[in-house]
>>> print(open('data01.txt').read())   # compact mmCIF, C-alpha atoms
# COMPACT_ATOMS: atom_id res chain seq x y z
CA MET A 1 3.52 10.12 -18.53
CA LYS A 2 -0.20 10.15 -17.75
CA PRO A 3 -1.40 11.92 -14.61
CA VAL A 4 -2.32 9.71 -11.66
CA ARG A 5 -6.02 10.02 -10.81
CA ARG A 6 -6.44 6.95 -8.55
CA LEU A 7 -4.13 4.55 -6.73
CA THR A 8 -4.68 1.00 -5.55
CA VAL A 9 -2.60 -0.08 -2.57
CA LEU A 10 -2.09 -3.84 -2.29
CA TYR A 11 -1.39 -4.68 1.34
CA ASP A 12 -0.79 -7.96 3.18
CA ALA A 13 -3.99 -8.53 5.17
CA ARG A 14 -2.19 -11.15 7.31
CA CYS A 15 0.31 -8.57 8.57
CA ALA A 16 -0.71 -6.53 11.61
CA LEU A 17 1.53 -3.62 10.57
CA CYS A 18 0.10 -3.60 7.04
CA VAL A 19 -3.48 -3.64 8.36
CA HIS A 20 -2.61 -0.82 10.79
CA ILE A 21 -1.19 1.26 7.92
CA ARG A 22 -4.31 0.50 5.86
CA HIS A 23 -6.48 1.88 8.68
CA TRP A 24 -4.20 4.92 8.98
CA LEU A 25 -4.44 5.59 5.23
CA LEU A 26 -8.24 5.37 5.39
CA GLY A 27 -8.25 8.09 8.05
CA GLN A 28 -6.15 10.57 6.06
CA ARG A 29 -7.32 13.32 3.69
CA TRP A 30 -6.56 12.20 0.15
CA LEU A 31 -5.42 14.34 -2.76
CA VAL A 32 -5.59 11.21 -4.93
CA PRO A 33 -8.29 8.60 -4.19
CA LEU A 34 -7.00 5.32 -2.78
CA SER A 35 -8.39 1.81 -3.03
CA LEU A 36 -6.96 -0.60 -0.48
CA VAL A 37 -7.09 -4.19 -1.65
CA PRO A 38 -5.68 -7.28 0.09
CA ALA A 39 -2.64 -8.50 -1.85
CA GLY A 40 -3.08 -11.95 -3.35
CA SER A 41 -6.87 -11.77 -3.04
CA ALA A 42 -9.29 -12.75 -5.79
CA GLU A 43 -10.03 -9.05 -6.28
CA ALA A 44 -6.32 -8.20 -6.68
CA ARG A 45 -5.77 -11.10 -9.10
CA GLY A 46 -8.82 -10.10 -11.13
CA ARG A 47 -7.95 -6.41 -11.31
CA PHE A 48 -4.23 -6.90 -11.96
CA PRO A 49 -3.65 -10.26 -13.69
CA HIS A 50 -0.25 -9.09 -14.98
CA LEU A 51 1.26 -8.69 -11.48
CA ASP A 52 3.37 -11.23 -9.63
CA HIS A 53 0.90 -11.70 -6.77
CA ALA A 54 3.34 -13.68 -4.64
CA ALA A 55 5.67 -10.66 -4.79
CA THR A 56 2.84 -8.30 -3.76
CA LEU A 57 2.54 -10.30 -0.53
CA ARG A 58 6.25 -9.78 0.20
CA GLU A 59 6.48 -6.08 -0.63
CA ILE A 60 4.02 -3.19 -0.68
CA THR A 61 2.78 -2.59 -4.20
CA VAL A 62 0.83 0.41 -5.47
CA VAL A 63 -0.85 0.46 -8.89
CA GLY A 64 -1.87 3.65 -10.66
CA ASP A 65 -4.99 3.98 -12.79
CA ALA A 66 -2.89 4.14 -15.97
CA GLY A 67 -1.06 0.90 -15.14
CA GLN A 68 1.91 2.40 -13.28
CA VAL A 69 3.37 0.05 -10.65
CA TRP A 70 5.46 1.07 -7.65
CA THR A 71 6.99 -1.29 -5.09
CA GLY A 72 9.00 -0.96 -1.88
CA ALA A 73 10.24 2.51 -1.00
CA ASP A 74 8.72 3.96 -4.19
CA ALA A 75 5.30 2.60 -3.19
CA PHE A 76 5.72 4.08 0.29
CA ILE A 77 6.56 7.48 -1.22
CA VAL A 78 3.60 7.33 -3.64
CA CYS A 79 1.23 6.53 -0.76
CA LEU A 80 2.44 9.62 1.12
CA TRP A 81 2.24 11.69 -2.08
CA ALA A 82 -1.48 10.85 -2.31
CA LEU A 83 -2.12 12.38 1.13
CA ALA A 84 -2.76 16.09 1.64
CA GLU A 85 -0.76 16.41 4.85
CA HIS A 86 2.17 14.28 3.68
CA ARG A 87 2.74 15.31 0.06
CA PRO A 88 5.58 17.73 0.93
CA LYS A 89 7.31 14.92 2.86
CA ALA A 90 6.82 12.57 -0.10
CA ASN A 91 8.34 15.11 -2.46
CA TRP A 92 11.39 15.35 -0.18
CA LEU A 93 11.66 11.56 0.23
CA ALA A 94 11.79 11.26 -3.57
CA THR A 95 14.95 13.41 -3.69
CA PRO A 96 18.48 12.01 -3.42
CA ALA A 97 18.69 13.47 0.11
CA GLY A 98 15.42 11.87 1.22
CA ARG A 99 15.71 8.47 -0.49
CA PRO A 100 17.89 6.92 2.25
CA PHE A 101 15.19 7.74 4.82
CA ALA A 102 12.50 6.06 2.71
CA ARG A 103 14.75 3.03 2.27
CA VAL A 104 15.49 2.75 6.01
CA THR A 105 11.78 3.06 6.79
CA MET A 106 11.00 0.19 4.44
CA LEU A 107 13.83 -1.93 5.88
CA ALA A 108 12.52 -1.33 9.41
CA ALA A 109 8.99 -2.27 8.35
CA ALA A 110 10.29 -5.43 6.65
CA ALA A 111 12.22 -6.41 9.78
CA TRP A 112 9.13 -5.89 11.92
CA ARG A 113 6.99 -7.91 9.51
CA GLY A 114 9.56 -10.70 9.49
CA ALA A 115 9.48 -10.88 13.27
CA THR A 116 5.68 -10.93 13.52
CA TRP A 117 4.54 -12.73 10.35
CA ARG A 118 1.83 -15.34 11.03
CA GLY A 119 2.64 -17.73 8.20
CA PRO A 120 1.06 -18.56 4.84
CA GLY A 121 -2.63 -18.66 4.14
CA PRO A 122 -5.62 -17.19 5.90
CA VAL A 123 -7.11 -18.56 9.04
CA GLY A 124 -10.25 -20.45 8.04
CA GLY A 125 -10.24 -19.07 4.49
CA PRO A 126 -10.19 -20.80 1.13
CA PRO A 127 -6.80 -21.69 -0.38
CA GLY A 128 -5.17 -18.81 -2.26
CA GLU A 129 -7.13 -16.12 -0.41
CA VAL A 130 -5.85 -13.74 2.21
CA GLY A 131 -7.44 -13.47 5.63
CA CYS A 132 -9.08 -10.04 5.49
CA ASP A 133 -12.37 -9.61 3.68
CA ASP A 134 -11.80 -5.82 3.71
CA ARG A 135 -14.95 -5.26 5.80
CA CYS A 136 -13.05 -4.18 8.89
CA GLY A 137 -14.81 -1.86 11.31
CA VAL A 138 -12.92 1.21 10.13
CA PRO A 139 -14.81 4.07 8.55
CA ALA A 140 -14.09 4.68 4.90
CA GLY A 141 -11.59 7.43 4.23
CA PRO A 142 -12.48 10.71 2.59
CA ARG A 143 -13.37 10.37 -1.03
>>> encode(input="data01.txt", output="structure tokens")
Amino acid sequence: MKPVRRLTVLYDARCALCVHIRHWLLGQRWLVPLSLVPAGSAEARGRFPHLDHAATLREITVVGDAGQVWTGADAFIVCLWALAEHRPKANWLATPAGRPFARVTMLAAAAWRGATWRGPGPVGGPPGEVGCDDRCGVPAGPR
């Protein structure tokens, strides 16, 4: 397996929790550089034409620079693995003992998203695009 040198996190820009996590990720110290791209956006479709983009809006998806794809709890673990302060936690979550905790975290996030989801399509945006233009007022994370 090729080493991971860069990760792209596809997040639902219509989801307040997903946007909050995006901002949190941007504020962390990275061991592996992250690109955060709105799921279902023109950029995501152009960069990853092979993905099921409707599925990326339902579940966190992370794509490695060598074409690796992680979803759900695995994507959550990979995001933590990319962060200096959280890599030990990610290594533990990837073990049989830690996996149930990663799964429960993802189930809790899905339940929260389901309770707060704002519906399909962006507000005032073109059809097929998500609502965030990724120019939020958050400083870029460490590179």
>>> residues_around(input="data01.txt", residues="stretch 86-95 of chain A", least_positions_apart="4", cutoff="10 Å", atoms="only C-alpha atoms", output="ChimeraX atom specification")
/A:28-31,73-74,76-82,99-103
>>> atom_distance(input="data01.txt", atom1="atom CA of A:Asp52", atom2="atom CA of A:Leu83")
26.5 Å
>>> atom_distance(input="data01.txt", atom1="atom CA of A:Leu57", atom2="atom CA of A:Val104")
19.5 Å
>>> atom_distance(input="data01.txt", atom1="atom CA of A:Glu85", atom2="atom CA of A:Gly98")
17.2 Å
>>> closest_residue(input="data01.txt", among="A:Thr71, A:Cys18, A:Thr8, A:Pro33", to="A:Arg47", atoms="only C-alpha atoms")
A:Thr8
>>> closest_residue(input="data01.txt", among="A:Ile21, A:Tyr11, A:Val62, A:Arg5", to="A:Ser41", atoms="all atoms listed in the file")
A:Tyr11
>>> residues_around(input="data01.txt", residues="A:Glu59", least_positions_apart="6", cutoff="10 Å", atoms="all atoms listed in the file", output="ChimeraX atom specification")
/A:10-12,39,71-73,75,106,110
>>> residues_around(input="data01.txt", residues="A:Lys2", least_positions_apart="4", cutoff="12 Å", atoms="all atoms listed in the file", output="mmCIF file with C-alpha atoms, in the frame of the given file")
data_model
loop_
_atom_site.group_PDB
_atom_site.id
_atom_site.type_symbol
_atom_site.label_atom_id
_atom_site.label_comp_id
_atom_site.auth_asym_id
_atom_site.auth_seq_id
_atom_site.Cartn_x
_atom_site.Cartn_y
_atom_site.Cartn_z
ATOM 1 C CA ARG A 6 -6.440 6.950 -8.550
ATOM 2 C CA GLY A 64 -1.870 3.650 -10.660
ATOM 3 C CA ASP A 65 -4.990 3.980 -12.790
ATOM 4 C CA ALA A 66 -2.890 4.140 -15.970
ATOM 5 C CA GLY A 67 -1.060 0.900 -15.140
ATOM 6 C CA GLN A 68 1.910 2.400 -13.280
#
>>> decode(input="data01.txt", residues="stretch 76-117 of chain A", atoms="C-alpha atoms", output="PDB file, in the first residue's frame")
ATOM      1  CA  PHE A  76     -13.403   9.638  11.100  1.00  0.00           C
ATOM      2  CA  ILE A  77     -10.385   7.612  12.259  1.00  0.00           C
ATOM      3  CA  VAL A  78      -8.291   8.688   9.244  1.00  0.00           C
ATOM      4  CA  CYS A  79      -9.102  12.356   9.934  1.00  0.00           C
ATOM      5  CA  LEU A  80      -7.858  11.972  13.518  1.00  0.00           C
ATOM      6  CA  TRP A  81      -4.805  10.040  12.289  1.00  0.00           C
ATOM      7  CA  ALA A  82      -3.828  13.062  10.167  1.00  0.00           C
ATOM      8  CA  LEU A  83      -3.696  15.302  13.267  1.00  0.00           C
ATOM      9  CA  ALA A  84      -0.614  15.567  15.477  1.00  0.00           C
ATOM     10  CA  GLU A  85      -2.490  15.695  18.771  1.00  0.00           C
ATOM     11  CA  HIS A  86      -4.982  12.959  17.884  1.00  0.00           C
ATOM     12  CA  ARG A  87      -2.923  10.311  16.073  1.00  0.00           C
ATOM     13  CA  PRO A  88      -2.507   8.137  19.202  1.00  0.00           C
ATOM     14  CA  LYS A  89      -6.290   8.217  19.705  1.00  0.00           C
ATOM     15  CA  ALA A  90      -6.815   7.291  16.041  1.00  0.00           C
ATOM     16  CA  ASN A  91      -4.431   4.364  16.366  1.00  0.00           C
ATOM     17  CA  TRP A  92      -6.438   3.124  19.370  1.00  0.00           C
ATOM     18  CA  LEU A  93      -9.804   3.673  17.635  1.00  0.00           C
ATOM     19  CA  ALA A  94      -8.567   1.487  14.770  1.00  0.00           C
ATOM     20  CA  THR A  95      -8.105  -1.473  17.148  1.00  0.00           C
ATOM     21  CA  PRO A  96     -10.835  -3.999  17.966  1.00  0.00           C
ATOM     22  CA  ALA A  97     -11.153  -2.398  21.423  1.00  0.00           C
ATOM     23  CA  GLY A  98     -11.527   1.127  20.022  1.00  0.00           C
ATOM     24  CA  ARG A  99     -13.727   0.415  16.987  1.00  0.00           C
ATOM     25  CA  PRO A 100     -17.007   0.398  18.957  1.00  0.00           C
ATOM     26  CA  PHE A 101     -16.242   3.925  20.209  1.00  0.00           C
ATOM     27  CA  ALA A 102     -15.621   5.172  16.661  1.00  0.00           C
ATOM     28  CA  ARG A 103     -18.858   3.532  15.527  1.00  0.00           C
ATOM     29  CA  VAL A 104     -20.893   5.069  18.373  1.00  0.00           C
ATOM     30  CA  THR A 105     -19.394   8.488  17.638  1.00  0.00           C
ATOM     31  CA  MET A 106     -20.461   8.217  14.006  1.00  0.00           C
ATOM     32  CA  LEU A 107     -23.956   7.025  14.983  1.00  0.00           C
ATOM     33  CA  ALA A 108     -24.330   9.990  17.356  1.00  0.00           C
ATOM     34  CA  ALA A 109     -23.189  12.404  14.647  1.00  0.00           C
ATOM     35  CA  ALA A 110     -25.621  10.844  12.155  1.00  0.00           C
ATOM     36  CA  ALA A 111     -28.481  11.172  14.637  1.00  0.00           C
ATOM     37  CA  TRP A 112     -27.631  14.818  15.251  1.00  0.00           C
ATOM     38  CA  ARG A 113     -27.402  15.504  11.517  1.00  0.00           C
ATOM     39  CA  GLY A 114     -30.740  13.799  10.949  1.00  0.00           C
ATOM     40  CA  ALA A 115     -32.374  16.010  13.559  1.00  0.00           C
ATOM     41  CA  THR A 116     -30.914  19.255  12.192  1.00  0.00           C
ATOM     42  CA  TRP A 117     -30.621  18.667   8.427  1.00  0.00           C
TER      43      TRP A 117
END
